[in-house]
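Heads up, the thing below is written out as structure tokens.
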Amino acid sequence: MPTNSNINQPPLVESQRVEFKRQLSDGLEKEVVAFLNAHDGGLIYIGIDDDGQAIDLEVLSDRTIDQQQLQIKDRIKHNISPSTMGLFDVIVETYQEKSIIKIVVARGSEQPYYLSKAGMSPKGCFIRIGSSAEPMPQRMIEELFATRTRNSIGNIRSRNQDLQFEQLKIYYQERNLPLNQQFARNLELLTAEGDYNYAAYLLADDNGMSIKVAKYAGLDRVDLIENEEYGYCCLIKATKAVLEKLKVENKTFATITDTTRNETKLLNPIALREAVINAMIHNAYSRDVPPKFELFADRLEITSAGGLPQGFSQDEFFMGYSVPQNKELMRVFRDVDLVEQLGSGIPRILQSYSKNVFHFTDNFTRLVLPFSKVLDMTDQATEQATDQAT
């Protein structure tokens with residue numbers, strides 16, 4: 001079944017970031033490679049012809065929409081190198097009252113990407129030029145390979161090789177996705193040499209990553225009244241614990257008029273959830289600096305290591321182009337349903353807050369979410385007494 005609908009949205013148009021395909025064809029991987037090698041990824045729509053008209057995909061194929069969706073995922077995973085895991089989504093949508101397939105492709109951090117059977121050559125590497133995928137020049141291939149990211153958490157060997165993953169297995173089991181003995185390789189938790197990598201270290205039952213939620217009485221960092229530790233465990237468990245803690249802190253207050261009673265949260269719950277998960281997934285863990293969560297009397301501050309993605313402007317960041325900092329973590333968080341689809345986090349935050357809540361430096365990103373209402377000291381004292389009583 002379609003996951004959402006865009007029937008009432010403006011017509012789709014092919015562009016440098018948008019590709020139409022009437023039906024699933026042999027050239028799909030070529031288009032995906034071109035978007036992986038592009039500056040800002042792109043979208044491929046299966047089931048729309050060159051004139052922008054939706055096609056009934058099940059009439060053109062002996063496979064159902066769901067079967068075609070699974071086939072696309074399998075082809076992208078197995079026919080493109082380096083690994084594309086965590087860099088794409090395949091979604092069924094409704095357009096012009098017909099079911100179509102949308103493929104969301106993020107820019108990869110290990111460019112150049114290429115067709116596995118053709119190798120790292122102009123016959124296997126492609127780049128998006130205008131609205132078409134063109135062979136990548138050999139010189140460009142060599143330059144990209146020379147600057148390929150070497151410090152990703154997938155390439156860094158874990159400092160501890162005696163890792164256990166009982167917590168991770170439980171989260172997968174809850175999603176009816178039991179992990180077999182090959183799970184570490186399947187989830188890309190091993191280096192090329194076969195050792196556990198830094199992503200495995202972060203997802204293990206025990207690690208050295210401290211993740212704290214601090215609470216201050218006033219508007220600055222002078223009067224610390226609470227400092228809770230949620231780290232040193234599987235990053236999924238830590239994320240869920242931080243989400244639960246901030247859910248408790250996200251108080252509801254009521255505004256009563258002559259005719260209605262309106263209840264409002266201090267922070268928009270959807271934006272809050274996206275902000276926490278974004279900080280956890282996209283943090284630059286290779287620097288050994290964890291994300292930090294700080295509650296003040298008038299705001300929540302979330303600070304994560306790493307500035308804007310290399311080569312990206314703030315405008316491109318706010319447009320929602322997806323550039324996963326840690327594709328291994330992105331894949332796992334999506335598997336356990338903490339992330340819905342690539343590129344959805346920032347637009348959801350901006351639905352409730354302005355761009356001014358984001359602050360960038362060369363080494364850090366800070367998100368400052370103001371409270372809808374600053375509770376006075378009497379309100380806070382009453383709430384604390386109520387909490388203690390219950």
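In the structure tokens, the first chain shown is A, the next is B, and so on; residue numbers restart at 1 for each chain, and ligands run from 1 in the order shown.
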
**Request:** Would you kindly return, as an NGL selection string, each protein, DNA or RNA residue with an atom no farther than 8 Å from any atom of Pro370 of chain A, considering only C-alpha atoms and excluding same-chain residues fewer than 3 positions away?
**Result:** :A and (267 or 298-300)

**Message:** Could you go through segment 98-324 of chain A and tell me which residues DSSP, when run on the backbone, assigns to strand (DSSP E), listing them as number ranges by chain?
**Reply:** A: 98-105, 114-115, 126-129, 132-135, 212-216, 224-229, 252-256, 261-265, 292-295, 299-305

Only N, CA and C atoms, please: the residues just picked out, written as a short mmCIF file (atom, residue, chain, number, x, y, z; two decimals), in the first residue's frame.
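Once written, out-v2.cif looks like this:
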data_model
loop_
_atom_site.label_atom_id
_atom_site.label_comp_id
_atom_site.auth_asym_id
_atom_site.auth_seq_id
_atom_site.Cartn_x
_atom_site.Cartn_y
_atom_site.Cartn_z
N LYS A 98 -2.44 6.98 -9.03
CA LYS A 98 -1.77 5.70 -9.32
C LYS A 98 -0.60 5.51 -8.35
N SER A 99 -0.28 4.25 -8.07
CA SER A 99 0.84 3.95 -7.18
C SER A 99 2.15 4.03 -7.97
N ILE A 100 3.07 4.81 -7.45
CA ILE A 100 4.40 4.93 -8.06
C ILE A 100 5.45 4.60 -6.99
N ILE A 101 6.69 4.41 -7.42
CA ILE A 101 7.78 4.12 -6.49
C ILE A 101 8.76 5.29 -6.51
N LYS A 102 9.06 5.81 -5.34
CA LYS A 102 10.04 6.89 -5.21
C LYS A 102 11.31 6.35 -4.55
N ILE A 103 12.44 6.60 -5.19
CA ILE A 103 13.74 6.20 -4.63
C ILE A 103 14.47 7.48 -4.20
N VAL A 104 14.74 7.59 -2.91
CA VAL A 104 15.47 8.73 -2.37
C VAL A 104 16.94 8.33 -2.24
N VAL A 105 17.81 9.07 -2.90
CA VAL A 105 19.24 8.74 -2.90
C VAL A 105 20.02 9.89 -2.26
N TYR A 114 30.21 3.22 -8.12
CA TYR A 114 30.28 2.66 -9.48
C TYR A 114 29.51 1.36 -9.56
N LEU A 115 29.20 0.97 -10.80
CA LEU A 115 28.57 -0.33 -11.04
C LEU A 115 29.59 -1.41 -10.75
N PHE A 126 29.32 7.22 -12.88
CA PHE A 126 28.47 8.21 -13.56
C PHE A 126 28.24 9.40 -12.66
N ILE A 127 27.92 10.52 -13.28
CA ILE A 127 27.63 11.75 -12.56
C ILE A 127 26.45 12.43 -13.23
N ARG A 128 25.67 13.14 -12.44
CA ARG A 128 24.49 13.82 -12.95
C ARG A 128 24.88 15.13 -13.63
N ILE A 129 24.52 15.27 -14.91
CA ILE A 129 24.72 16.51 -15.66
C ILE A 129 23.38 16.90 -16.25
N SER A 132 20.43 14.16 -16.93
CA SER A 132 20.86 12.84 -17.40
C SER A 132 22.11 12.38 -16.65
N ALA A 133 22.33 11.07 -16.65
CA ALA A 133 23.53 10.48 -16.03
C ALA A 133 24.59 10.28 -17.10
N GLU A 134 25.76 10.87 -16.90
CA GLU A 134 26.84 10.80 -17.89
C GLU A 134 28.06 10.11 -17.30
N PRO A 135 28.88 9.44 -18.16
CA PRO A 135 30.11 8.79 -17.67
C PRO A 135 31.02 9.81 -16.99
N LYS A 212 24.94 12.53 28.15
CA LYS A 212 24.33 13.13 29.33
C LYS A 212 23.19 14.08 28.95
N VAL A 213 22.23 14.18 29.88
CA VAL A 213 21.20 15.22 29.83
C VAL A 213 21.38 16.06 31.09
N ALA A 214 21.78 17.31 30.90
CA ALA A 214 22.01 18.21 32.03
C ALA A 214 20.85 19.18 32.15
N LYS A 215 20.56 19.59 33.40
CA LYS A 215 19.46 20.53 33.64
C LYS A 215 19.96 21.64 34.55
N TYR A 216 19.72 22.89 34.14
CA TYR A 216 20.19 24.05 34.90
C TYR A 216 18.99 24.84 35.43
N LEU A 224 23.85 24.03 38.13
CA LEU A 224 23.48 22.70 37.63
C LEU A 224 22.66 21.98 38.69
N ILE A 225 21.43 21.59 38.34
CA ILE A 225 20.57 20.93 39.32
C ILE A 225 20.36 19.45 39.01
N GLU A 226 20.75 19.00 37.81
CA GLU A 226 20.57 17.60 37.46
C GLU A 226 21.52 17.24 36.33
N ASN A 227 22.10 16.06 36.39
CA ASN A 227 23.03 15.62 35.34
C ASN A 227 22.90 14.11 35.20
N GLU A 228 22.02 13.68 34.31
CA GLU A 228 21.72 12.26 34.15
C GLU A 228 22.58 11.63 33.05
N GLU A 229 23.04 10.41 33.31
CA GLU A 229 23.88 9.67 32.36
C GLU A 229 23.04 8.61 31.65
N THR A 252 3.35 20.09 29.83
CA THR A 252 2.16 20.62 29.16
C THR A 252 1.57 21.73 30.02
N PHE A 253 1.27 22.87 29.40
CA PHE A 253 0.60 23.93 30.15
C PHE A 253 -0.68 24.30 29.41
N ALA A 254 -1.64 24.83 30.14
CA ALA A 254 -2.96 25.12 29.59
C ALA A 254 -3.22 26.62 29.58
N THR A 255 -3.86 27.06 28.50
CA THR A 255 -4.34 28.43 28.39
C THR A 255 -5.87 28.37 28.33
N ILE A 256 -6.51 28.99 29.30
CA ILE A 256 -7.97 28.91 29.39
C ILE A 256 -8.60 30.23 28.95
N ARG A 261 -10.22 25.44 26.47
CA ARG A 261 -9.00 25.17 27.23
C ARG A 261 -7.97 24.62 26.24
N ASN A 262 -6.91 25.37 25.98
CA ASN A 262 -5.89 24.98 25.01
C ASN A 262 -4.64 24.50 25.72
N GLU A 263 -4.21 23.29 25.40
CA GLU A 263 -3.01 22.72 26.01
C GLU A 263 -1.84 22.77 25.03
N THR A 264 -0.68 23.16 25.52
CA THR A 264 0.51 23.30 24.68
C THR A 264 1.72 22.72 25.40
N LYS A 265 2.59 22.07 24.65
CA LYS A 265 3.85 21.56 25.19
C LYS A 265 4.92 22.66 25.17
N LYS A 292 25.40 16.30 23.18
CA LYS A 292 25.13 16.81 24.54
C LYS A 292 23.75 17.45 24.55
N PHE A 293 22.99 17.21 25.64
CA PHE A 293 21.62 17.72 25.76
C PHE A 293 21.54 18.54 27.05
N GLU A 294 21.15 19.81 26.94
CA GLU A 294 21.14 20.71 28.09
C GLU A 294 19.81 21.46 28.17
N LEU A 295 19.15 21.33 29.32
CA LEU A 295 17.89 22.01 29.59
C LEU A 295 18.15 23.25 30.44
N ARG A 299 14.87 27.08 27.49
CA ARG A 299 15.23 26.46 26.22
C ARG A 299 15.88 25.10 26.42
N LEU A 300 15.96 24.35 25.32
CA LEU A 300 16.75 23.13 25.24
C LEU A 300 17.85 23.35 24.22
N GLU A 301 19.09 23.02 24.59
CA GLU A 301 20.21 23.11 23.66
C GLU A 301 20.73 21.69 23.38
N ILE A 302 20.88 21.36 22.10
CA ILE A 302 21.44 20.08 21.68
C ILE A 302 22.69 20.37 20.85
N THR A 303 23.82 19.89 21.32
CA THR A 303 25.09 20.15 20.65
C THR A 303 25.69 18.83 20.17
N SER A 304 26.05 18.78 18.90
CA SER A 304 26.68 17.58 18.34
C SER A 304 27.98 17.96 17.65
N ALA A 305 28.91 17.02 17.63
CA ALA A 305 30.20 17.25 16.99
C ALA A 305 30.03 17.22 15.47
#

**Asked** From the list A:Leu246, A:Ala279, A:Ala200, A:Leu350, which residue is nearest Thr365 of chain A when using only C-alpha atoms?
**Response** A:Ala279

**Request:** Tell me which of A:Ala54, A:Arg157, A:Glu244, A:Met120 sits closest to Glu142 of chain A, counting only C-alpha atoms.
**Result:** A:Met120

**Arg22 of chain A surroundings by only C-alpha atoms, 12 Å radius, close-in-sequence under 3 positions cut, as a list of chain:residue names** = A:Glu19, A:Ser25, A:Gly27, A:Leu28, A:Ile44, A:Tyr45, A:Ile46, A:Gly47, A:Ile48, A:Asp49, A:Asp50, A:Asp51, A:Gly52, A:Gln53, A:Ala54, A:Ile55, A:Asp56, A:Leu57, A:Glu58, A:Val59, A:Leu60, A:Ser61, A:Ile100, A:Ile101

**Message:** Between A:Leu342, A:Val368, A:Ile236, A:Ile349, which residue has the minimum interatomic distance to Leu329 of chain A, considering only C-alpha atoms?
**Reply:** A:Ile236

**Request:** Could you give me, as JSON, numbers by chain, the residues within 9 Å of Phe312 of chain A, counting only C-alpha atoms and dropping anything in the same chain fewer than 5 positions from it?
**Result:** {"A": [39, 40, 317]}

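Compared by their closest atoms to Gln341 of chain A, and using only C-alpha atoms, the residues A:Glu274, A:Asp89, A:Glu174, A:Asp223 rank with A:Asp89 nearest.
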
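Restricting the calculation to only C-alpha atoms, the smallest distance between Lys21 of chain A and any of A:Leu202, A:Gln96, A:Leu43, A:Val289 is found for A:Leu43.
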
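On the backbone of this structure, DSSP gives helix (DSSP H, G or I) within segment 59-130 of chain A to Val59, Leu60, Ile65, Asp66, Gln67, Gln68, Gln69, Leu70, Gln71, Ile72, Lys73, Asp74, Arg75, Ile76, Lys77, His78 and Asn79 of chain A.
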
**All residues 9 Å or closer to segment 181-198 of chain A, only C-alpha atoms, same chain fewer than 5 positions away omitted, as JSON, numbers by chain** = {"A": [83, 85, 152, 153, 154, 155, 156, 157, 158, 159, 160, 161, 162, 163, 203, 285, 286, 328, 331, 332]}

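Nearest to Asn326 of chain A of all the residues A:Arg139, A:Arg273, A:Arg107, A:His282 is A:His282, based on only C-alpha atoms.
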
All residues 10 Å or closer to Phe364 of chain A, only C-alpha atoms, same chain fewer than 3 positions away omitted, as a compact mmCIF listing (two decimals) with N, CA and C atoms, in the first residue's frame:
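For reference, selection-v5.txt as written:
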# COMPACT_ATOMS: atom_id res chain seq x y z
N ASN A 283 26.18 12.71 14.59
CA ASN A 283 27.33 13.18 15.38
C ASN A 283 28.63 12.62 14.82
N ALA A 284 29.68 13.42 14.84
CA ALA A 284 31.00 12.98 14.34
C ALA A 284 31.70 12.19 15.44
N PRO A 291 27.16 13.60 21.52
CA PRO A 291 26.18 14.70 21.55
C PRO A 291 25.84 15.06 22.99
N THR A 303 23.82 19.89 21.32
CA THR A 303 25.09 20.15 20.65
C THR A 303 25.69 18.83 20.17
N SER A 304 26.05 18.78 18.90
CA SER A 304 26.68 17.58 18.34
C SER A 304 27.98 17.96 17.65
N ALA A 305 28.91 17.02 17.63
CA ALA A 305 30.20 17.25 16.99
C ALA A 305 30.03 17.22 15.47
N GLY A 306 30.75 18.12 14.80
CA GLY A 306 30.68 18.19 13.34
C GLY A 306 29.85 19.36 12.87
N GLY A 307 30.40 20.15 11.93
CA GLY A 307 29.66 21.28 11.38
C GLY A 307 28.83 20.85 10.18
N LEU A 308 28.63 21.75 9.24
CA LEU A 308 27.90 21.43 8.01
C LEU A 308 28.66 20.36 7.23
N HIS A 359 22.78 26.70 14.86
CA HIS A 359 24.03 27.47 14.95
C HIS A 359 25.18 26.55 14.56
N PHE A 360 25.99 27.00 13.59
CA PHE A 360 27.07 26.17 13.05
C PHE A 360 28.44 26.79 13.32
N THR A 361 29.39 25.95 13.69
CA THR A 361 30.80 26.34 13.69
C THR A 361 31.54 25.31 12.85
